[in-house]
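K.L.:
File name input-v5.cif; file contents mmCIF, N, CA and C atoms; full text below.
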data_start
loop_
_atom_site.label_atom_id
_atom_site.label_comp_id
_atom_site.auth_asym_id
_atom_site.auth_seq_id
_atom_site.Cartn_x
_atom_site.Cartn_y
_atom_site.Cartn_z
N MET H 1 38.61 -54.30 -1.92
CA MET H 1 38.27 -53.02 -1.35
C MET H 1 37.84 -52.06 -2.48
N ILE H 2 36.76 -51.35 -2.27
CA ILE H 2 36.28 -50.37 -3.25
C ILE H 2 37.10 -49.10 -3.11
N ILE H 3 37.59 -48.59 -4.25
CA ILE H 3 38.38 -47.36 -4.21
C ILE H 3 37.75 -46.22 -5.02
N GLY H 4 36.65 -46.50 -5.70
CA GLY H 4 35.96 -45.44 -6.43
C GLY H 4 34.60 -45.88 -6.92
N ILE H 5 33.63 -44.96 -6.86
CA ILE H 5 32.28 -45.21 -7.35
C ILE H 5 31.84 -44.00 -8.16
N GLY H 6 31.21 -44.25 -9.30
CA GLY H 6 30.68 -43.16 -10.11
C GLY H 6 29.34 -43.55 -10.71
N VAL H 7 28.43 -42.59 -10.78
CA VAL H 7 27.10 -42.80 -11.36
C VAL H 7 26.79 -41.62 -12.26
N ASP H 8 26.12 -41.87 -13.39
CA ASP H 8 25.70 -40.78 -14.26
C ASP H 8 24.39 -41.15 -14.94
N ILE H 9 23.61 -40.13 -15.25
CA ILE H 9 22.35 -40.29 -15.97
C ILE H 9 22.32 -39.26 -17.10
N VAL H 10 21.82 -39.67 -18.26
CA VAL H 10 21.68 -38.75 -19.40
C VAL H 10 20.28 -38.88 -19.98
N GLU H 11 19.84 -37.80 -20.60
CA GLU H 11 18.57 -37.81 -21.32
C GLU H 11 18.84 -38.26 -22.76
N ILE H 12 18.13 -39.27 -23.21
CA ILE H 12 18.32 -39.81 -24.56
C ILE H 12 18.04 -38.74 -25.60
N ARG H 13 17.07 -37.90 -25.36
CA ARG H 13 16.74 -36.81 -26.30
C ARG H 13 17.96 -35.92 -26.56
N ARG H 14 18.70 -35.59 -25.51
CA ARG H 14 19.88 -34.73 -25.67
C ARG H 14 20.99 -35.44 -26.45
N ILE H 15 21.16 -36.72 -26.20
CA ILE H 15 22.16 -37.50 -26.95
C ILE H 15 21.75 -37.56 -28.42
N ARG H 16 20.48 -37.85 -28.68
CA ARG H 16 19.98 -37.92 -30.06
C ARG H 16 20.21 -36.59 -30.78
N ASN H 17 19.84 -35.49 -30.15
CA ASN H 17 20.01 -34.17 -30.76
C ASN H 17 21.48 -33.87 -31.05
N ALA H 18 22.36 -34.21 -30.14
CA ALA H 18 23.78 -33.95 -30.33
C ALA H 18 24.37 -34.80 -31.45
N LEU H 19 23.94 -36.04 -31.55
CA LEU H 19 24.50 -36.94 -32.56
C LEU H 19 23.88 -36.73 -33.93
N GLN H 20 22.64 -36.30 -34.00
CA GLN H 20 22.01 -36.08 -35.30
C GLN H 20 22.53 -34.81 -35.97
N GLY H 21 22.99 -33.87 -35.19
CA GLY H 21 23.45 -32.60 -35.75
C GLY H 21 24.70 -32.73 -36.59
N THR H 22 25.64 -33.56 -36.14
CA THR H 22 26.91 -33.70 -36.84
C THR H 22 27.60 -35.00 -36.41
N ALA H 23 28.44 -35.51 -37.26
CA ALA H 23 29.19 -36.72 -36.92
C ALA H 23 30.38 -36.39 -36.04
N ARG H 24 30.66 -35.11 -35.86
CA ARG H 24 31.83 -34.68 -35.09
C ARG H 24 31.80 -35.21 -33.66
N MET H 25 30.67 -35.05 -32.99
CA MET H 25 30.57 -35.53 -31.61
C MET H 25 30.77 -37.04 -31.54
N GLN H 26 30.13 -37.75 -32.44
CA GLN H 26 30.25 -39.21 -32.45
C GLN H 26 31.72 -39.62 -32.57
N GLN H 27 32.45 -39.00 -33.48
CA GLN H 27 33.85 -39.34 -33.71
C GLN H 27 34.75 -38.91 -32.55
N ARG H 28 34.40 -37.83 -31.87
CA ARG H 28 35.22 -37.31 -30.77
C ARG H 28 35.02 -38.12 -29.49
N VAL H 29 33.80 -38.60 -29.25
CA VAL H 29 33.45 -39.23 -27.98
C VAL H 29 33.60 -40.74 -28.00
N PHE H 30 33.22 -41.38 -29.09
CA PHE H 30 33.11 -42.84 -29.13
C PHE H 30 34.18 -43.48 -30.00
N THR H 31 34.64 -44.67 -29.57
CA THR H 31 35.59 -45.43 -30.37
C THR H 31 34.86 -46.09 -31.54
N GLU H 32 35.61 -46.57 -32.50
CA GLU H 32 35.00 -47.26 -33.66
C GLU H 32 34.16 -48.44 -33.21
N GLU H 33 34.67 -49.22 -32.26
CA GLU H 33 33.92 -50.38 -31.79
C GLU H 33 32.61 -49.96 -31.12
N GLU H 34 32.65 -48.88 -30.34
CA GLU H 34 31.42 -48.38 -29.71
C GLU H 34 30.42 -47.90 -30.76
N ILE H 35 30.90 -47.20 -31.76
CA ILE H 35 30.02 -46.71 -32.83
C ILE H 35 29.38 -47.88 -33.58
N GLN H 36 30.19 -48.88 -33.93
CA GLN H 36 29.66 -50.05 -34.63
C GLN H 36 28.60 -50.76 -33.80
N PHE H 37 28.88 -50.92 -32.51
CA PHE H 37 27.91 -51.58 -31.63
C PHE H 37 26.60 -50.81 -31.59
N CYS H 38 26.68 -49.51 -31.30
CA CYS H 38 25.46 -48.70 -31.11
C CYS H 38 24.65 -48.59 -32.40
N THR H 39 25.32 -48.35 -33.52
CA THR H 39 24.59 -48.17 -34.78
C THR H 39 23.99 -49.47 -35.29
N SER H 40 24.44 -50.60 -34.77
CA SER H 40 23.87 -51.89 -35.20
C SER H 40 22.61 -52.25 -34.40
N ARG H 41 22.28 -51.45 -33.41
CA ARG H 41 21.13 -51.73 -32.55
C ARG H 41 19.90 -50.97 -33.01
N LYS H 42 18.72 -51.54 -32.75
CA LYS H 42 17.46 -50.91 -33.13
C LYS H 42 17.30 -49.54 -32.46
N HIS H 43 17.63 -49.45 -31.20
CA HIS H 43 17.50 -48.20 -30.44
C HIS H 43 18.89 -47.63 -30.19
N GLN H 44 19.54 -47.21 -31.27
CA GLN H 44 20.95 -46.82 -31.17
C GLN H 44 21.19 -45.67 -30.20
N TYR H 45 20.28 -44.72 -30.10
CA TYR H 45 20.53 -43.57 -29.23
C TYR H 45 20.47 -43.95 -27.76
N GLN H 46 19.70 -44.96 -27.42
CA GLN H 46 19.71 -45.46 -26.04
C GLN H 46 21.07 -46.08 -25.73
N HIS H 47 21.63 -46.78 -26.69
CA HIS H 47 22.94 -47.41 -26.48
C HIS H 47 24.05 -46.37 -26.45
N PHE H 48 23.98 -45.37 -27.33
CA PHE H 48 24.95 -44.27 -27.26
C PHE H 48 24.84 -43.57 -25.91
N GLY H 49 23.61 -43.34 -25.45
CA GLY H 49 23.39 -42.70 -24.16
C GLY H 49 23.98 -43.50 -23.01
N GLY H 50 23.79 -44.81 -23.06
CA GLY H 50 24.36 -45.67 -22.02
C GLY H 50 25.86 -45.61 -21.98
N ARG H 51 26.48 -45.61 -23.14
CA ARG H 51 27.94 -45.54 -23.19
C ARG H 51 28.45 -44.15 -22.77
N PHE H 52 27.73 -43.11 -23.15
CA PHE H 52 28.09 -41.76 -22.73
C PHE H 52 28.03 -41.66 -21.20
N ALA H 53 26.93 -42.14 -20.62
CA ALA H 53 26.79 -42.12 -19.16
C ALA H 53 27.88 -42.95 -18.49
N ALA H 54 28.24 -44.08 -19.10
CA ALA H 54 29.27 -44.94 -18.53
C ALA H 54 30.63 -44.25 -18.52
N LYS H 55 30.95 -43.51 -19.58
CA LYS H 55 32.22 -42.78 -19.62
C LYS H 55 32.26 -41.72 -18.51
N GLU H 56 31.15 -41.00 -18.34
CA GLU H 56 31.07 -40.00 -17.27
C GLU H 56 31.19 -40.66 -15.89
N ALA H 57 30.49 -41.76 -15.69
CA ALA H 57 30.54 -42.47 -14.41
C ALA H 57 31.95 -42.99 -14.12
N ALA H 58 32.64 -43.45 -15.15
CA ALA H 58 34.00 -43.96 -14.98
C ALA H 58 34.94 -42.86 -14.50
N LEU H 59 34.80 -41.67 -15.06
CA LEU H 59 35.68 -40.58 -14.64
C LEU H 59 35.35 -40.09 -13.24
N LYS H 60 34.09 -40.19 -12.86
CA LYS H 60 33.72 -39.88 -11.47
C LYS H 60 34.34 -40.91 -10.53
N ALA H 61 34.34 -42.18 -10.93
CA ALA H 61 34.94 -43.23 -10.11
C ALA H 61 36.45 -43.02 -9.97
N LEU H 62 37.09 -42.53 -11.03
CA LEU H 62 38.52 -42.23 -10.97
C LEU H 62 38.80 -41.01 -10.09
N GLY H 63 37.77 -40.18 -9.89
CA GLY H 63 37.93 -38.99 -9.07
C GLY H 63 38.55 -37.81 -9.77
N THR H 64 38.55 -37.84 -11.11
CA THR H 64 39.25 -36.80 -11.87
C THR H 64 38.34 -35.91 -12.69
N GLY H 65 37.15 -36.40 -13.05
CA GLY H 65 36.40 -35.69 -14.07
C GLY H 65 37.24 -35.68 -15.34
N TRP H 66 37.18 -34.58 -16.09
CA TRP H 66 37.91 -34.50 -17.35
C TRP H 66 39.27 -33.84 -17.19
N SER H 67 39.78 -33.75 -15.98
CA SER H 67 41.08 -33.12 -15.77
C SER H 67 42.21 -34.10 -16.09
N ARG H 68 43.41 -33.61 -16.00
CA ARG H 68 44.64 -34.40 -16.17
C ARG H 68 44.80 -34.96 -17.58
N GLY H 69 44.21 -34.33 -18.56
CA GLY H 69 44.44 -34.72 -19.94
C GLY H 69 43.70 -35.95 -20.42
N ILE H 70 42.69 -36.36 -19.69
CA ILE H 70 41.90 -37.52 -20.11
C ILE H 70 41.04 -37.14 -21.31
N ARG H 71 40.96 -38.07 -22.26
CA ARG H 71 40.14 -37.88 -23.46
C ARG H 71 38.97 -38.86 -23.42
N TRP H 72 37.92 -38.51 -24.16
CA TRP H 72 36.73 -39.37 -24.21
C TRP H 72 37.08 -40.80 -24.57
N LYS H 73 37.94 -40.98 -25.56
CA LYS H 73 38.24 -42.33 -26.05
C LYS H 73 39.21 -43.09 -25.14
N ASP H 74 39.69 -42.44 -24.06
CA ASP H 74 40.50 -43.15 -23.07
C ASP H 74 39.65 -44.11 -22.24
N VAL H 75 38.35 -43.96 -22.34
CA VAL H 75 37.40 -44.84 -21.65
C VAL H 75 36.56 -45.52 -22.73
N GLU H 76 36.64 -46.85 -22.80
CA GLU H 76 35.90 -47.58 -23.83
C GLU H 76 34.99 -48.62 -23.19
N ILE H 77 33.77 -48.70 -23.71
CA ILE H 77 32.82 -49.69 -23.23
C ILE H 77 32.53 -50.66 -24.36
N THR H 78 32.81 -51.92 -24.12
CA THR H 78 32.53 -52.99 -25.08
C THR H 78 31.62 -54.00 -24.38
N ASP H 79 31.28 -55.06 -25.06
CA ASP H 79 30.46 -56.12 -24.46
C ASP H 79 31.18 -57.46 -24.62
N ASP H 80 31.00 -58.34 -23.63
CA ASP H 80 31.54 -59.68 -23.79
C ASP H 80 30.59 -60.50 -24.66
N GLU H 81 30.89 -61.77 -24.82
CA GLU H 81 30.11 -62.62 -25.72
C GLU H 81 28.66 -62.82 -25.25
N ARG H 82 28.40 -62.58 -23.97
CA ARG H 82 27.04 -62.71 -23.44
C ARG H 82 26.30 -61.37 -23.40
N GLY H 83 26.96 -60.29 -23.81
CA GLY H 83 26.32 -58.98 -23.81
C GLY H 83 26.58 -58.17 -22.56
N LYS H 84 27.40 -58.68 -21.65
CA LYS H 84 27.75 -57.95 -20.42
C LYS H 84 28.72 -56.82 -20.77
N PRO H 85 28.43 -55.59 -20.32
CA PRO H 85 29.34 -54.49 -20.64
C PRO H 85 30.68 -54.62 -19.91
N LEU H 86 31.73 -54.26 -20.63
CA LEU H 86 33.09 -54.28 -20.09
C LEU H 86 33.67 -52.88 -20.22
N LEU H 87 34.44 -52.47 -19.23
CA LEU H 87 35.05 -51.14 -19.21
C LEU H 87 36.55 -51.28 -19.33
N THR H 88 37.13 -50.54 -20.28
CA THR H 88 38.57 -50.55 -20.50
C THR H 88 39.09 -49.13 -20.44
N PHE H 89 40.17 -48.94 -19.69
CA PHE H 89 40.84 -47.64 -19.62
C PHE H 89 42.10 -47.68 -20.47
N GLN H 90 42.36 -46.55 -21.14
CA GLN H 90 43.57 -46.40 -21.96
C GLN H 90 44.17 -45.03 -21.68
N GLY H 91 45.38 -44.80 -22.16
CA GLY H 91 45.99 -43.47 -22.06
C GLY H 91 46.04 -42.96 -20.63
N LYS H 92 45.70 -41.67 -20.45
CA LYS H 92 45.75 -41.02 -19.13
C LYS H 92 44.80 -41.68 -18.14
N ALA H 93 43.65 -42.11 -18.60
CA ALA H 93 42.69 -42.76 -17.70
C ALA H 93 43.29 -44.05 -17.13
N LYS H 94 44.01 -44.80 -17.95
CA LYS H 94 44.67 -46.03 -17.49
C LYS H 94 45.77 -45.71 -16.48
N GLU H 95 46.52 -44.63 -16.73
CA GLU H 95 47.56 -44.22 -15.78
C GLU H 95 46.96 -43.94 -14.41
N ILE H 96 45.85 -43.23 -14.38
CA ILE H 96 45.20 -42.88 -13.11
C ILE H 96 44.61 -44.13 -12.45
N PHE H 97 44.00 -45.01 -13.24
CA PHE H 97 43.48 -46.29 -12.75
C PHE H 97 44.60 -47.05 -12.04
N ASP H 98 45.77 -47.10 -12.66
CA ASP H 98 46.91 -47.80 -12.07
C ASP H 98 47.44 -47.08 -10.83
N GLU H 99 47.51 -45.74 -10.88
CA GLU H 99 47.97 -44.95 -9.72
C GLU H 99 47.10 -45.21 -8.49
N LEU H 100 45.81 -45.38 -8.70
CA LEU H 100 44.88 -45.64 -7.60
C LEU H 100 45.03 -47.05 -7.03
N GLY H 101 45.74 -47.91 -7.75
CA GLY H 101 45.87 -49.29 -7.34
C GLY H 101 44.66 -50.14 -7.69
N ALA H 102 43.86 -49.64 -8.61
CA ALA H 102 42.67 -50.39 -9.03
C ALA H 102 43.08 -51.62 -9.83
N GLN H 103 42.33 -52.67 -9.65
CA GLN H 103 42.58 -53.90 -10.40
C GLN H 103 41.38 -54.32 -11.24
N THR H 104 40.19 -53.92 -10.81
CA THR H 104 38.97 -54.33 -11.50
C THR H 104 38.03 -53.14 -11.62
N ALA H 105 37.37 -53.03 -12.77
CA ALA H 105 36.34 -52.01 -12.98
C ALA H 105 35.03 -52.72 -13.27
N TRP H 106 34.05 -52.52 -12.41
CA TRP H 106 32.72 -53.09 -12.58
C TRP H 106 31.81 -52.03 -13.18
N ILE H 107 30.97 -52.43 -14.12
CA ILE H 107 30.10 -51.47 -14.79
C ILE H 107 28.71 -52.06 -14.97
N SER H 108 27.72 -51.21 -14.80
CA SER H 108 26.33 -51.58 -15.07
C SER H 108 25.69 -50.43 -15.84
N ILE H 109 24.97 -50.77 -16.90
CA ILE H 109 24.30 -49.77 -17.74
C ILE H 109 22.84 -50.18 -17.91
N THR H 110 21.94 -49.23 -17.81
CA THR H 110 20.53 -49.48 -18.10
C THR H 110 19.97 -48.28 -18.85
N HIS H 111 18.95 -48.53 -19.63
CA HIS H 111 18.34 -47.41 -20.37
C HIS H 111 16.87 -47.67 -20.64
N SER H 112 16.17 -46.58 -20.85
CA SER H 112 14.76 -46.58 -21.22
C SER H 112 14.66 -45.68 -22.45
N PRO H 113 13.48 -45.50 -23.01
CA PRO H 113 13.37 -44.57 -24.13
C PRO H 113 13.77 -43.13 -23.78
N ASP H 114 13.72 -42.77 -22.49
CA ASP H 114 14.00 -41.39 -22.09
C ASP H 114 15.35 -41.16 -21.43
N HIS H 115 15.89 -42.16 -20.73
CA HIS H 115 17.11 -41.97 -19.96
C HIS H 115 18.05 -43.17 -20.07
N ALA H 116 19.33 -42.91 -19.83
CA ALA H 116 20.32 -43.97 -19.67
C ALA H 116 21.08 -43.67 -18.38
N VAL H 117 21.37 -44.73 -17.64
CA VAL H 117 22.07 -44.62 -16.37
C VAL H 117 23.21 -45.62 -16.37
N ALA H 118 24.35 -45.20 -15.82
CA ALA H 118 25.48 -46.11 -15.69
C ALA H 118 26.10 -45.94 -14.32
N MET H 119 26.62 -47.05 -13.80
CA MET H 119 27.34 -47.04 -12.53
C MET H 119 28.65 -47.79 -12.72
N VAL H 120 29.71 -47.21 -12.16
CA VAL H 120 31.03 -47.83 -12.23
C VAL H 120 31.59 -47.94 -10.82
N VAL H 121 32.15 -49.10 -10.51
CA VAL H 121 32.82 -49.33 -9.23
C VAL H 121 34.24 -49.79 -9.55
N LEU H 122 35.23 -49.13 -8.94
CA LEU H 122 36.62 -49.53 -9.07
C LEU H 122 37.03 -50.27 -7.81
N GLU H 123 37.68 -51.40 -7.99
CA GLU H 123 38.02 -52.25 -6.86
C GLU H 123 39.50 -52.59 -6.89
N HIS H 124 40.07 -52.67 -5.69
CA HIS H 124 41.48 -53.06 -5.54
C HIS H 124 41.54 -54.55 -5.31
#
Starting from the file, lay out its structure as structure tokens.
P.N.:
Amino acid sequence: MIIGIGVDIVEIRRIRNALQGTARMQQRVFTEEEIQFCTSRKHQYQHFGGRFAAKEAALKALGTGWSRGIRWKDVEITDDERGKPLLTFQGKAKEIFDELGAQTAWISITHSPDHAVAMVVLEH
């Protein structure tokens, strides 16, 4: 049974501008593994944008937004050995995931030179 759905879209230009200005945003929003993944890619800002959109979509699926003490790094996006994105909740986000009775988080990310889109579905 589906218990939450979230979708988000970001402009790559805005992500690029935010990340080029200072390393502060990068360190506040993304985990070390996410940073290593994105910076190792040819089109790193598209990958950062995809992960940013995925974090936003995940919180929409939880139904909380940024309330209840959730932090950016409480939502982490990694890839499996085939390159499929995986979503992991930690901290307050994990508590809410468990409270909802969620067992599985499905995630899809796509990007172009201009936009990144992510969709998250939480399933019981």
K.L.:
Go through H:Gly6, H:Lys73, H:Leu87, H:Trp66 one by one, measure the shortest atom-to-atom distance of each to Gln27 in chain H using all atoms listed in the file, and give the residue with the smallest value.
P.N.:
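Counting all atoms listed in the file, the residue closest to Gln27 in chain H is H:Lys73.
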K.L.:
So that I can check the surroundings of Leu86 in chain H, please list as number ranges by chain every protein, DNA and RNA residue that reaches within 10 Å of it, counting only C-alpha atoms and ignoring chain neighbours fewer than 6 positions away.
P.N.:
H: 76-80, 105-108
K.L.:
Rounded to one decimal, what separation in Å do you get between CA of Val121 in chain H and CA of Arg14 in chain H?
P.N.:
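So the answer is 25.5 Å.
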K.L.:
Could you name the residues that touch range 93-102 of chain H at 8 Å or less, counting only N, CA and C atoms, but leaving out those on the same chain fewer than 2 positions away, as a VMD selection string?
P.N.:
chain H and resid 3 to 4 59 62 68 to 71 73 to 75 88 to 91 104 to 105 122 to 124
K.L.:
Write down as a CSV table (one decimal) with N, CA and C atoms, keeping the file's coordinate frame the residues of range 15-96 of chain H whose backbone DSSP state falls under helix (DSSP H, G or I).
P.N.:
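Final output, saved to selection-v3.csv:
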chain,number,residue,atom,x,y,z
H,15,ILE,N,21.2,-36.7,-26.2
H,15,ILE,CA,22.2,-37.5,-27.0
H,15,ILE,C,21.8,-37.6,-28.4
H,16,ARG,N,20.5,-37.8,-28.7
H,16,ARG,CA,20.0,-37.9,-30.1
H,16,ARG,C,20.2,-36.6,-30.8
H,17,ASN,N,19.8,-35.5,-30.2
H,17,ASN,CA,20.0,-34.2,-30.8
H,17,ASN,C,21.5,-33.9,-31.0
H,18,ALA,N,22.4,-34.2,-30.1
H,18,ALA,CA,23.8,-34.0,-30.3
H,18,ALA,C,24.4,-34.8,-31.4
H,19,LEU,N,23.9,-36.0,-31.6
H,19,LEU,CA,24.5,-36.9,-32.6
H,19,LEU,C,23.9,-36.7,-33.9
H,20,GLN,N,22.6,-36.3,-34.0
H,20,GLN,CA,22.0,-36.1,-35.3
H,20,GLN,C,22.5,-34.8,-36.0
H,21,GLY,N,23.0,-33.9,-35.2
H,21,GLY,CA,23.4,-32.6,-35.8
H,21,GLY,C,24.7,-32.7,-36.6
H,23,ALA,N,28.4,-35.5,-37.3
H,23,ALA,CA,29.2,-36.7,-36.9
H,23,ALA,C,30.4,-36.4,-36.0
H,24,ARG,N,30.7,-35.1,-35.9
H,24,ARG,CA,31.8,-34.7,-35.1
H,24,ARG,C,31.8,-35.2,-33.7
H,25,MET,N,30.7,-35.0,-33.0
H,25,MET,CA,30.6,-35.5,-31.6
H,25,MET,C,30.8,-37.0,-31.5
H,26,GLN,N,30.1,-37.8,-32.4
H,26,GLN,CA,30.2,-39.2,-32.4
H,26,GLN,C,31.7,-39.6,-32.6
H,27,GLN,N,32.4,-39.0,-33.5
H,27,GLN,CA,33.8,-39.3,-33.7
H,27,GLN,C,34.8,-38.9,-32.6
H,28,ARG,N,34.4,-37.8,-31.9
H,28,ARG,CA,35.2,-37.3,-30.8
H,28,ARG,C,35.0,-38.1,-29.5
H,29,VAL,N,33.8,-38.6,-29.2
H,29,VAL,CA,33.4,-39.2,-28.0
H,29,VAL,C,33.6,-40.7,-28.0
H,32,GLU,N,35.6,-46.6,-32.5
H,32,GLU,CA,35.0,-47.3,-33.7
H,32,GLU,C,34.2,-48.4,-33.2
H,33,GLU,N,34.7,-49.2,-32.3
H,33,GLU,CA,33.9,-50.4,-31.8
H,33,GLU,C,32.6,-50.0,-31.1
H,34,GLU,N,32.6,-48.9,-30.3
H,34,GLU,CA,31.4,-48.4,-29.7
H,34,GLU,C,30.4,-47.9,-30.8
H,35,ILE,N,30.9,-47.2,-31.8
H,35,ILE,CA,30.0,-46.7,-32.8
H,35,ILE,C,29.4,-47.9,-33.6
H,36,GLN,N,30.2,-48.9,-33.9
H,36,GLN,CA,29.7,-50.0,-34.6
H,36,GLN,C,28.6,-50.8,-33.8
H,37,PHE,N,28.9,-50.9,-32.5
H,37,PHE,CA,27.9,-51.6,-31.6
H,37,PHE,C,26.6,-50.8,-31.6
H,38,CYS,N,26.7,-49.5,-31.3
H,38,CYS,CA,25.5,-48.7,-31.1
H,38,CYS,C,24.6,-48.6,-32.4
H,39,THR,N,25.3,-48.4,-33.5
H,39,THR,CA,24.6,-48.2,-34.8
H,39,THR,C,24.0,-49.5,-35.3
H,44,GLN,N,19.5,-47.2,-31.3
H,44,GLN,CA,21.0,-46.8,-31.2
H,44,GLN,C,21.2,-45.7,-30.2
H,45,TYR,N,20.3,-44.7,-30.1
H,45,TYR,CA,20.5,-43.6,-29.2
H,45,TYR,C,20.5,-44.0,-27.8
H,46,GLN,N,19.7,-45.0,-27.4
H,46,GLN,CA,19.7,-45.5,-26.0
H,46,GLN,C,21.1,-46.1,-25.7
H,47,HIS,N,21.6,-46.8,-26.7
H,47,HIS,CA,22.9,-47.4,-26.5
H,47,HIS,C,24.0,-46.4,-26.4
H,48,PHE,N,24.0,-45.4,-27.3
H,48,PHE,CA,25.0,-44.3,-27.3
H,48,PHE,C,24.8,-43.6,-25.9
H,49,GLY,N,23.6,-43.3,-25.4
H,49,GLY,CA,23.4,-42.7,-24.2
H,49,GLY,C,24.0,-43.5,-23.0
H,50,GLY,N,23.8,-44.8,-23.1
H,50,GLY,CA,24.4,-45.7,-22.0
H,50,GLY,C,25.9,-45.6,-22.0
H,51,ARG,N,26.5,-45.6,-23.1
H,51,ARG,CA,27.9,-45.5,-23.2
H,51,ARG,C,28.4,-44.2,-22.8
H,52,PHE,N,27.7,-43.1,-23.2
H,52,PHE,CA,28.1,-41.8,-22.7
H,52,PHE,C,28.0,-41.7,-21.2
H,53,ALA,N,26.9,-42.1,-20.6
H,53,ALA,CA,26.8,-42.1,-19.2
H,53,ALA,C,27.9,-43.0,-18.5
H,54,ALA,N,28.2,-44.1,-19.1
H,54,ALA,CA,29.3,-44.9,-18.5
H,54,ALA,C,30.6,-44.2,-18.5
H,55,LYS,N,31.0,-43.5,-19.6
H,55,LYS,CA,32.2,-42.8,-19.6
H,55,LYS,C,32.3,-41.7,-18.5
H,56,GLU,N,31.2,-41.0,-18.3
H,56,GLU,CA,31.1,-40.0,-17.3
H,56,GLU,C,31.2,-40.7,-15.9
H,57,ALA,N,30.5,-41.8,-15.7
H,57,ALA,CA,30.5,-42.5,-14.4
H,57,ALA,C,32.0,-43.0,-14.1
H,58,ALA,N,32.6,-43.4,-15.2
H,58,ALA,CA,34.0,-44.0,-15.0
H,58,ALA,C,34.9,-42.9,-14.5
H,59,LEU,N,34.8,-41.7,-15.1
H,59,LEU,CA,35.7,-40.6,-14.6
H,59,LEU,C,35.4,-40.1,-13.2
H,60,LYS,N,34.1,-40.2,-12.9
H,60,LYS,CA,33.7,-39.9,-11.5
H,60,LYS,C,34.3,-40.9,-10.5
H,61,ALA,N,34.3,-42.2,-10.9
H,61,ALA,CA,34.9,-43.2,-10.1
H,61,ALA,C,36.4,-43.0,-10.0
H,62,LEU,N,37.1,-42.5,-11.0
H,62,LEU,CA,38.5,-42.2,-11.0
H,62,LEU,C,38.8,-41.0,-10.1
H,72,TRP,N,37.9,-38.5,-24.2
H,72,TRP,CA,36.7,-39.4,-24.2
H,72,TRP,C,37.1,-40.8,-24.6
H,73,LYS,N,37.9,-41.0,-25.6
H,73,LYS,CA,38.2,-42.3,-26.0
H,73,LYS,C,39.2,-43.1,-25.1
H,74,ASP,N,39.7,-42.4,-24.1
H,74,ASP,CA,40.5,-43.2,-23.1
H,74,ASP,C,39.6,-44.1,-22.2
H,91,GLY,N,45.4,-44.8,-22.2
H,91,GLY,CA,46.0,-43.5,-22.1
H,91,GLY,C,46.0,-43.0,-20.6
H,92,LYS,N,45.7,-41.7,-20.4
H,92,LYS,CA,45.8,-41.0,-19.1
H,92,LYS,C,44.8,-41.7,-18.1
H,93,ALA,N,43.6,-42.1,-18.6
H,93,ALA,CA,42.7,-42.8,-17.7
H,93,ALA,C,43.3,-44.0,-17.1
H,94,LYS,N,44.0,-44.8,-18.0
H,94,LYS,CA,44.7,-46.0,-17.5
H,94,LYS,C,45.8,-45.7,-16.5
H,95,GLU,N,46.5,-44.6,-16.7
H,95,GLU,CA,47.6,-44.2,-15.8
H,95,GLU,C,47.0,-43.9,-14.4
H,96,ILE,N,45.8,-43.2,-14.4
H,96,ILE,CA,45.2,-42.9,-13.1
H,96,ILE,C,44.6,-44.1,-12.4
K.L.:
Atom N of Glu81 in chain H and CA of Ile5 in chain H are how many Å apart?
P.N.:
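Rounded to one decimal, the two atoms are 24.1 Å apart.
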K.L.:
Need the neighbours of (28.1, -46.5, -24.9): which residues are at most 9 Å away, counting only C-alpha atoms, as an MDAnalysis selection string?
P.N.:
chainID H and resid 30 34:35 37:38 46:55 76:78 109
